[in-house]
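Notes follow the structure.
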Amino acid sequence: MKKTWDVSLTDIQAAKQELSHFIQHTPLLYNSWLSEEYGCEIYLKLENMQPIGSFKIRGATYKIASLTKEEKKRGVIAASAGNHAQGVAWGAQKLGVKATIVMPETAALTKVQNTKALGAEVVLHGKNYDEAYAETVRLAKKSKKVMIHAFEDPLVVAGQGTVGIEIMEQLPDADWIVGSIGGGGLLAGLGIAVKALSLRTKILGCQAKGASAMVQSMKSGKIVVSEKTQTFADGIAVKRASPQMRKLLKRVITKTALQDDEAIAGAVLTLLEKAKVIAEGAAAISLACLGQIRNEIKGKKVVLLICGGNIDVNILSRIIDRGLIKTGRRIRLNVWIPDIPGSLSKLTEWVGQAGANILQAIHDRDLPSTRMNETEVDLTLETRGIDHAKQVIASLKAHGVTVKEL
């Protein structure tokens with residue numbers, strides 16, 4: 001393969017042939033609920049079903065497979081906060097190569113454990129990816145191990161591009177493909193393959209508003225470096241746009257879109273509920289941005305790249321809680337009732353009659369703000385939506401209960 005950034009369809013086809021010995025095609029599934037919601041045909045490309053839960057397995061494995069015997073003997077090293085780490089570890093294990101992964105000290109424990117479980121040596125260094133990467137460069141020079149970059153490598157780009165060939169085989173008449181931009185390797189490789197195979201297919205590249213260096217670089221015509229990244233979508237939290245990747249993306253991306261974390265979190269919940277798909281923030285952003293091209297996709301065939309599903313369970317739990325609150329399916333109320341026997345029993349009866357379910361009730365009669373003849377109850381209720389929540393509150397007030405919605 002040419003040692004330039006001019007990755008071609010031939011390069012990606014070679015990567016596909018090599019990777020066929022290691023990984024299988026991931027499903028492309030039609031989703032009826034999303035299709036009806038957006039007035040088009042929506043398909044989900046489920047890269048979250050890869051052995052490591054992410055598309056990163058493609059580029060990392062192909063890069064390692066392409067090394068010489070001497071390079072493989074020296075071993076490989078990479079910097080990553082999660083998905084790339086597992087991709088390198090998985091590929092190295094399959095090919096009998098020793099792998100060292102430098103991860104930030106703040107990396108999620110589950111990702112550290114998963115990387116170790118794949119046989120890699122994990123070095124924790126620095127408070128963020130940039131500090132971990134600097135240490136990786138230092139260790140690579142010292143140990144002579146081969147550096148496996150997450151995207152700054154034509155072989156890695158070619159490996160990621162195999163997703164594009166698969167989509168074209170599964171849905172040759174796709175009108176739009178929507179996916180996230182982190183470093184840019186996925187959409188660059190995919191875009192090169194897709195544009196060579198289909199003149200009709202357009203590509204929407206998405207970034208979080210708190211980590212938008214590449215989109216800003218593409219729009220401004222110069223490389224942008226963010227002072228910091230602020231997004232829970234850690235898979236696309238890249239501070240500096242790569243000049244090489246910007247050049248490739250400019251050739252293949254039709255439009256770009258930015259979205260905030262609140263909308264991305266909402267998309268994580270929607271995919272979980274409506275598609276039964278666990279998607280990390282970097283994957284759910286494709287759905288979160290879809291509304292920005294709603295008018296352009298009417299009646300079209302649209303592919304959403306679910307590029308990974310490695311979301312921390314604590315973050316997922318918070319997203320679910322916030323989503324339930326936002327849609328009125330979970331409400332918290334402070335209520336004040338008379339401090340006499342039977343008052344709490346009557347309160348729970350009234351809640352039940354209103355059709356709500358009590359998830360938690362905290363009864364406190366000793367708060368300084370509570371009068372001597374009353375007691376405060378903090379209620380967490382499960383309701384059927386915003387309208388029902390309003391009905392529950394109105395019902396309690398009708399019974400003479402003082403209610404404050406939190």
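Order determines the names: the first chain of the structure tokens is A, the second B, and so forth; residues in each chain are numbered 1 upward, and ligands are numbered 1 upward as they are shown.
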Compile the contact shell of Gly299 in chain A as a PDB file with N, CA, C and O atoms, in the first residue's frame: residues with an atom at most 10 Å away, counting only C-alpha atoms, same-chain residues fewer than 3 positions apart removed.
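This is the output file part_2.pdb:
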```pdb
ATOM      1  N   SER A  35     -38.018   5.229  11.244  1.00  0.00           N
ATOM      2  CA  SER A  35     -38.411   5.516   9.860  1.00  0.00           C
ATOM      3  C   SER A  35     -39.718   6.288   9.816  1.00  0.00           C
ATOM      4  O   SER A  35     -39.867   7.264   9.078  1.00  0.00           O
ATOM      5  N   TYR A  38     -39.229   9.964  11.094  1.00  0.00           N
ATOM      6  CA  TYR A  38     -38.537  10.902  10.204  1.00  0.00           C
ATOM      7  C   TYR A  38     -39.038  10.863   8.764  1.00  0.00           C
ATOM      8  O   TYR A  38     -38.526  11.596   7.917  1.00  0.00           O
ATOM      9  N   GLY A  39     -40.007  10.037   8.474  1.00  0.00           N
ATOM     10  CA  GLY A  39     -40.583   9.998   7.141  1.00  0.00           C
ATOM     11  C   GLY A  39     -39.636   9.485   6.077  1.00  0.00           C
ATOM     12  O   GLY A  39     -39.627   9.974   4.947  1.00  0.00           O
ATOM     13  N   CYS A  40     -38.816   8.493   6.439  1.00  0.00           N
ATOM     14  CA  CYS A  40     -37.869   7.914   5.489  1.00  0.00           C
ATOM     15  C   CYS A  40     -37.566   6.482   5.915  1.00  0.00           C
ATOM     16  O   CYS A  40     -38.182   5.966   6.856  1.00  0.00           O
ATOM     17  N   GLU A  41     -36.660   5.838   5.212  1.00  0.00           N
ATOM     18  CA  GLU A  41     -36.232   4.503   5.607  1.00  0.00           C
ATOM     19  C   GLU A  41     -34.916   4.622   6.366  1.00  0.00           C
ATOM     20  O   GLU A  41     -33.905   5.047   5.788  1.00  0.00           O
ATOM     21  N   ILE A  42     -34.929   4.263   7.622  1.00  0.00           N
ATOM     22  CA  ILE A  42     -33.724   4.383   8.442  1.00  0.00           C
ATOM     23  C   ILE A  42     -33.185   3.000   8.789  1.00  0.00           C
ATOM     24  O   ILE A  42     -33.919   2.128   9.252  1.00  0.00           O
ATOM     25  N   ASP A 175     -29.138   6.655   0.321  1.00  0.00           N
ATOM     26  CA  ASP A 175     -29.080   8.072  -0.057  1.00  0.00           C
ATOM     27  C   ASP A 175     -28.204   8.883   0.893  1.00  0.00           C
ATOM     28  O   ASP A 175     -27.513   9.806   0.465  1.00  0.00           O
ATOM     29  N   ASN A 295     -35.609  17.656   6.357  1.00  0.00           N
ATOM     30  CA  ASN A 295     -36.271  17.949   5.079  1.00  0.00           C
ATOM     31  C   ASN A 295     -35.572  17.295   3.892  1.00  0.00           C
ATOM     32  O   ASN A 295     -36.208  16.995   2.876  1.00  0.00           O
ATOM     33  N   GLU A 296     -34.272  17.057   4.015  1.00  0.00           N
ATOM     34  CA  GLU A 296     -33.516  16.476   2.908  1.00  0.00           C
ATOM     35  C   GLU A 296     -33.615  14.966   2.829  1.00  0.00           C
ATOM     36  O   GLU A 296     -33.259  14.365   1.815  1.00  0.00           O
ATOM     37  N   VAL A 302     -31.673   6.064   4.628  1.00  0.00           N
ATOM     38  CA  VAL A 302     -30.666   6.684   5.493  1.00  0.00           C
ATOM     39  C   VAL A 302     -30.031   5.632   6.397  1.00  0.00           C
ATOM     40  O   VAL A 302     -30.729   4.830   7.021  1.00  0.00           O
TER      41      VAL A 302
END
```
Problem set entry | DSSP-assigned alpha helix (DSSP H) among range 47-289 of chain A, expressed as a PyMOL selection string | chain A and resi 56-65+69-74+83-95+109-117+129-143+154-170+185-197+213-220+243-252+261-274+281-288
For this session: Find the residues near His399 in chain A: any atom within 12 Å, counting only C-alpha atoms, skip ones fewer than 6 places away on the same chain, and give them as a ChimeraX atom specification.
Result: /A:335-337,343,346-347,349-351,353-354,392-393
Exercise. If we count only C-alpha atoms, what is near range 105-112 of chain A at a cut-off of 8 Å, once residues fewer than 6 positions away on the same chain are taken out, given as a PyMOL selection string?
Worked result: chain A and resi 81-83+86+122+124-128+312
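Counting only C-alpha atoms, Leu381 in chain A has the following residues at most 6 Å away, ignoring those fewer than 5 positions along the same chain: Arg330, Ile331, Asn357, Ile358 and Leu359 of chain A.
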Can I get the selection written as a PDB file, in the first residue's frame, with C-alpha atoms?
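Written file, again37.pdb:
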```pdb
ATOM      1  CA  ARG A 330     -40.459  10.306  36.690  1.00  0.00           C
ATOM      2  CA  ILE A 331     -41.215  13.233  38.953  1.00  0.00           C
ATOM      3  CA  ASN A 357     -46.308   4.448  41.262  1.00  0.00           C
ATOM      4  CA  ILE A 358     -44.224   5.422  44.303  1.00  0.00           C
ATOM      5  CA  LEU A 359     -40.540   4.699  43.686  1.00  0.00           C
TER       6      LEU A 359
END
```
Within 12 Å of range 129-134 of chain A, which residues of range 157-265 of chain A show up? Give each one with its shortest atom-to-atom distance in Å (one decimal) and the two atoms involved, counting only C-alpha atoms, rows by chain then rising residue number, as JSON lines.
```
{"residue": "A:Glu227", "atom": "CA", "partner": "A:Asp130", "partner_atom": "CA", "distance": 11.8}
{"residue": "A:Lys228", "atom": "CA", "partner": "A:Asp130", "partner_atom": "CA", "distance": 10.6}
{"residue": "A:Thr229", "atom": "CA", "partner": "A:Tyr129", "partner_atom": "CA", "distance": 10.7}
{"residue": "A:Asp234", "atom": "CA", "partner": "A:Tyr129", "partner_atom": "CA", "distance": 10.1}
{"residue": "A:Gly235", "atom": "CA", "partner": "A:Tyr129", "partner_atom": "CA", "distance": 11.0}
{"residue": "A:Ile236", "atom": "CA", "partner": "A:Tyr129", "partner_atom": "CA", "distance": 11.6}
{"residue": "A:Ala237", "atom": "CA", "partner": "A:Tyr129", "partner_atom": "CA", "distance": 9.3}
{"residue": "A:Val238", "atom": "CA", "partner": "A:Tyr129", "partner_atom": "CA", "distance": 8.8}
{"residue": "A:Lys239", "atom": "CA", "partner": "A:Asp130", "partner_atom": "CA", "distance": 8.7}
{"residue": "A:Arg240", "atom": "CA", "partner": "A:Asp130", "partner_atom": "CA", "distance": 9.9}
```
Using the selection just defined, write its residues with N, CA and C atoms as an mmCIF file, in the first residue's frame.
```cif
data_model
loop_
_atom_site.group_PDB
_atom_site.id
_atom_site.type_symbol
_atom_site.label_atom_id
_atom_site.label_comp_id
_atom_site.auth_asym_id
_atom_site.auth_seq_id
_atom_site.Cartn_x
_atom_site.Cartn_y
_atom_site.Cartn_z
ATOM 1 N N GLU A 227 -9.223 24.476 23.124
ATOM 2 C CA GLU A 227 -8.522 24.604 24.401
ATOM 3 C C GLU A 227 -8.806 23.396 25.286
ATOM 4 N N LYS A 228 -10.040 22.919 25.235
ATOM 5 C CA LYS A 228 -10.421 21.726 25.992
ATOM 6 C C LYS A 228 -11.648 21.107 25.347
ATOM 7 N N THR A 229 -11.902 19.866 25.682
ATOM 8 C CA THR A 229 -13.089 19.190 25.173
ATOM 9 C C THR A 229 -14.074 19.020 26.313
ATOM 10 N N ASP A 234 -16.856 10.492 24.925
ATOM 11 C CA ASP A 234 -15.398 10.463 24.958
ATOM 12 C C ASP A 234 -14.772 9.886 23.698
ATOM 13 N N GLY A 235 -15.518 9.084 22.950
ATOM 14 C CA GLY A 235 -14.981 8.495 21.723
ATOM 15 C C GLY A 235 -14.708 9.504 20.620
ATOM 16 N N ILE A 236 -15.298 10.707 20.735
ATOM 17 C CA ILE A 236 -15.072 11.733 19.707
ATOM 18 C C ILE A 236 -14.529 13.026 20.325
ATOM 19 N N ALA A 237 -13.992 12.932 21.531
ATOM 20 C CA ALA A 237 -13.461 14.116 22.217
ATOM 21 C C ALA A 237 -12.015 14.359 21.797
ATOM 22 N N VAL A 238 -11.831 14.873 20.593
ATOM 23 C CA VAL A 238 -10.502 15.136 20.032
ATOM 24 C C VAL A 238 -10.276 16.644 19.990
ATOM 25 N N LYS A 239 -9.167 17.104 20.572
ATOM 26 C CA LYS A 239 -8.909 18.539 20.691
ATOM 27 C C LYS A 239 -8.369 19.163 19.412
ATOM 28 N N ARG A 240 -7.527 18.424 18.708
ATOM 29 C CA ARG A 240 -6.840 19.007 17.555
ATOM 30 C C ARG A 240 -7.241 18.301 16.268
#
```
May I have the residues within 7 Å of range 155-169 of chain A as a tab-separated table (two decimals) with N, CA, C and O atoms, in the first residue's frame, using only C-alpha atoms and disregarding those fewer than 2 positions away in the same chain?
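What ended up in out_2.tsv:
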```tsv
chain	number	residue	atom	x	y	z
A	7	VAL	N	-5.50	7.35	0.22
A	7	VAL	CA	-6.14	6.05	0.37
A	7	VAL	C	-7.18	5.87	-0.72
A	7	VAL	O	-7.96	6.78	-1.01
A	11	ASP	N	-7.15	0.09	-1.86
A	11	ASP	CA	-6.54	-0.10	-0.53
A	11	ASP	C	-7.56	-0.65	0.45
A	11	ASP	O	-7.27	-1.54	1.25
A	12	ILE	N	-8.76	-0.12	0.40
A	12	ILE	CA	-9.81	-0.54	1.34
A	12	ILE	C	-10.28	-1.96	1.01
A	12	ILE	O	-10.56	-2.75	1.91
A	15	ALA	N	-7.84	-4.24	2.50
A	15	ALA	CA	-8.09	-4.34	3.94
A	15	ALA	C	-9.26	-5.27	4.23
A	15	ALA	O	-9.22	-6.08	5.15
A	16	LYS	N	-10.30	-5.18	3.42
A	16	LYS	CA	-11.48	-6.02	3.60
A	16	LYS	C	-11.12	-7.50	3.44
A	16	LYS	O	-11.58	-8.36	4.19
A	25	HIS	N	-19.08	-9.47	8.96
A	25	HIS	CA	-19.87	-8.26	8.68
A	25	HIS	C	-20.81	-7.99	9.86
A	25	HIS	O	-21.34	-8.92	10.48
A	55	PHE	N	-16.15	-0.10	16.05
A	55	PHE	CA	-15.53	-0.21	14.74
A	55	PHE	C	-14.01	-0.16	14.80
A	55	PHE	O	-13.32	-0.54	13.84
A	58	ARG	N	-11.42	-2.72	13.36
A	58	ARG	CA	-11.08	-2.85	11.95
A	58	ARG	C	-9.70	-2.26	11.64
A	58	ARG	O	-8.80	-2.95	11.15
A	59	GLY	N	-9.55	-0.96	11.90
A	59	GLY	CA	-8.30	-0.30	11.57
A	59	GLY	C	-7.11	-0.83	12.35
A	59	GLY	O	-6.02	-1.03	11.80
A	60	ALA	N	-7.33	-1.07	13.65
A	60	ALA	CA	-6.24	-1.56	14.49
A	60	ALA	C	-5.76	-2.93	14.05
A	60	ALA	O	-4.56	-3.19	13.93
A	62	TYR	N	-6.16	-4.41	11.11
A	62	TYR	CA	-5.54	-4.37	9.77
A	62	TYR	C	-4.13	-3.81	9.84
A	62	TYR	O	-3.21	-4.32	9.18
A	63	LYS	N	-3.93	-2.78	10.64
A	63	LYS	CA	-2.60	-2.20	10.78
A	63	LYS	C	-1.62	-3.25	11.34
A	63	LYS	O	-0.51	-3.41	10.81
A	151	PHE	N	-6.00	7.11	14.28
A	151	PHE	CA	-6.53	7.52	12.97
A	151	PHE	C	-5.46	8.09	12.04
A	151	PHE	O	-5.63	8.08	10.82
A	153	ASP	N	-3.06	7.30	10.25
A	153	ASP	CA	-2.35	6.22	9.57
A	153	ASP	C	-3.20	5.72	8.40
A	153	ASP	O	-4.37	5.37	8.58
A	171	LEU	N	-26.81	-2.20	1.27
A	171	LEU	CA	-27.82	-1.23	0.81
A	171	LEU	C	-27.22	-0.37	-0.29
A	171	LEU	O	-26.84	0.78	-0.06
A	172	PRO	N	-27.13	-0.90	-1.51
A	172	PRO	CA	-26.45	-0.20	-2.60
A	172	PRO	C	-27.06	1.15	-2.96
A	172	PRO	O	-26.36	2.03	-3.48
A	185	GLY	N	-10.93	9.13	11.16
A	185	GLY	CA	-10.58	7.92	10.42
A	185	GLY	C	-11.76	7.15	9.88
A	185	GLY	O	-11.73	6.65	8.75
A	186	LEU	N	-12.84	7.05	10.66
A	186	LEU	CA	-14.00	6.28	10.23
A	186	LEU	C	-14.67	6.89	9.00
A	186	LEU	O	-14.83	6.23	7.97
A	188	ALA	N	-13.56	9.20	7.00
A	188	ALA	CA	-12.63	9.36	5.87
A	188	ALA	C	-12.55	8.07	5.08
A	188	ALA	O	-12.73	8.06	3.86
A	189	GLY	N	-12.27	6.96	5.77
A	189	GLY	CA	-12.18	5.68	5.08
A	189	GLY	C	-13.50	5.25	4.48
A	189	GLY	O	-13.57	4.84	3.31
A	190	LEU	N	-14.57	5.36	5.27
A	190	LEU	CA	-15.90	5.02	4.76
A	190	LEU	C	-16.26	5.87	3.55
A	190	LEU	O	-16.76	5.37	2.54
A	191	GLY	N	-15.99	7.17	3.66
A	191	GLY	CA	-16.35	8.08	2.58
A	191	GLY	C	-15.63	7.77	1.28
A	191	GLY	O	-16.22	7.85	0.20
A	193	ALA	N	-14.57	4.87	0.28
A	193	ALA	CA	-15.18	3.67	-0.30
A	193	ALA	C	-16.54	3.98	-0.90
A	193	ALA	O	-16.85	3.58	-2.04
A	194	VAL	N	-17.36	4.68	-0.17
A	194	VAL	CA	-18.73	4.96	-0.61
A	194	VAL	C	-18.74	5.83	-1.86
A	194	VAL	O	-19.48	5.56	-2.82
```
Taking 4 positions as the minimum chain separation for residues in the same chain, which residues sit within 6 Å of Ser80 in chain A when counting only C-alpha atoms? Answer as a CSV table (one decimal) with N, CA and C atoms, in the first residue's frame.
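Here's the written file part-v1.csv:
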```
chain,number,residue,atom,x,y,z
A,84,HIS,N,-10.1,2.4,21.0
A,84,HIS,CA,-8.9,2.1,20.2
A,84,HIS,C,-8.0,1.1,21.0
A,85,ALA,N,-7.9,1.3,22.4
A,85,ALA,CA,-7.1,0.4,23.2
A,85,ALA,C,-7.6,-1.0,23.1
A,103,MET,N,-3.0,4.5,28.8
A,103,MET,CA,-4.4,5.1,29.0
A,103,MET,C,-4.3,6.2,30.1
```
Exercise. What does the distance from CA of Leu19 in chain A to CA of Gly91 in chain A come to in Å, to one decimal?
Worked result: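 So the answer is 10.2 Å.
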Seminar exercise, completed: The distance between CA of Ile306 in chain A and CA of Gln216 in chain A is 23.3 Å
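Backbone DSSP assigns strand (DSSP E) in range 68-147 of chain A to Val76, Ile77, Ala78, Ala79, Ala99, Thr100, Ile101, Val102, Met103, Glu121, Val122, Val123, Leu124, Val146 and Met147 of chain A.
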Go ahead and save the picked residues with C-alpha atoms, as a PDB file, in the first residue's frame.
```pdb
ATOM      1  CA  VAL A  76       2.988  -2.541  19.338  1.00  0.00           C
ATOM      2  CA  ILE A  77       2.044   0.422  21.505  1.00  0.00           C
ATOM      3  CA  ALA A  78      -0.904   2.801  21.425  1.00  0.00           C
ATOM      4  CA  ALA A  79      -2.539   5.602  23.352  1.00  0.00           C
ATOM      5  CA  ALA A  99       0.688  -4.899  22.998  1.00  0.00           C
ATOM      6  CA  THR A 100       1.188  -2.002  25.393  1.00  0.00           C
ATOM      7  CA  ILE A 101      -1.594   0.531  25.830  1.00  0.00           C
ATOM      8  CA  VAL A 102      -1.100   3.858  27.580  1.00  0.00           C
ATOM      9  CA  MET A 103      -4.369   5.095  29.029  1.00  0.00           C
ATOM     10  CA  GLU A 121      -0.133  -4.407  29.193  1.00  0.00           C
ATOM     11  CA  VAL A 122      -1.838  -1.243  30.394  1.00  0.00           C
ATOM     12  CA  VAL A 123       0.138   1.801  31.539  1.00  0.00           C
ATOM     13  CA  LEU A 124      -1.884   4.511  33.282  1.00  0.00           C
ATOM     14  CA  VAL A 146       5.477   0.082  16.610  1.00  0.00           C
ATOM     15  CA  MET A 147       3.089   2.956  17.252  1.00  0.00           C
TER      16      MET A 147
END
```
For this session: Check the smallest atom-to-atom distance from each of A:Leu305, A:Pro341, A:Lys255, A:Phe22 to Tyr43 in chain A using only C-alpha atoms, then report the winner.
Result: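 Checking each of A:Leu305, A:Pro341, A:Lys255, A:Phe22 against Tyr43 in chain A, counting only C-alpha atoms, the winner is A:Leu305.
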For this session: Can you work out which one of A:Met218, A:Leu67, A:Leu95, A:Val268 has the shortest atom-to-atom distance to Ile320 in chain A, counting only C-alpha atoms?
Result: A:Val268
Determine, for each residue of range 45-148 of chain A having at least one atom at most 10 Å from an atom of range 270-285 of chain A, the closest pair of atoms and their separation in Å to one decimal, counting only C-alpha atoms; order by chain and ascending number, as JSON lines.
```
{"residue": "A:Leu46", "atom": "CA", "partner": "A:Val277", "partner_atom": "CA", "distance": 8.5}
{"residue": "A:Glu47", "atom": "CA", "partner": "A:Ala283", "partner_atom": "CA", "distance": 9.1}
{"residue": "A:Asn48", "atom": "CA", "partner": "A:Ala279", "partner_atom": "CA", "distance": 7.0}
{"residue": "A:Met49", "atom": "CA", "partner": "A:Ile278", "partner_atom": "CA", "distance": 9.6}
{"residue": "A:Gly53", "atom": "CA", "partner": "A:Ala279", "partner_atom": "CA", "distance": 9.4}
{"residue": "A:Ser54", "atom": "CA", "partner": "A:Ala283", "partner_atom": "CA", "distance": 9.4}
```
For this session: Calculate how many Å separate CA of Gly184 in chain A from CA of Lys209 in chain A, rounding to one decimal.
Result: 15.7 Å
Seminar exercise, completed: Ala117 in chain A proximity check over A:Ile52, A:Pro154, A:Asp6, A:Lys73, using only C-alpha atoms: winner is A:Ile52
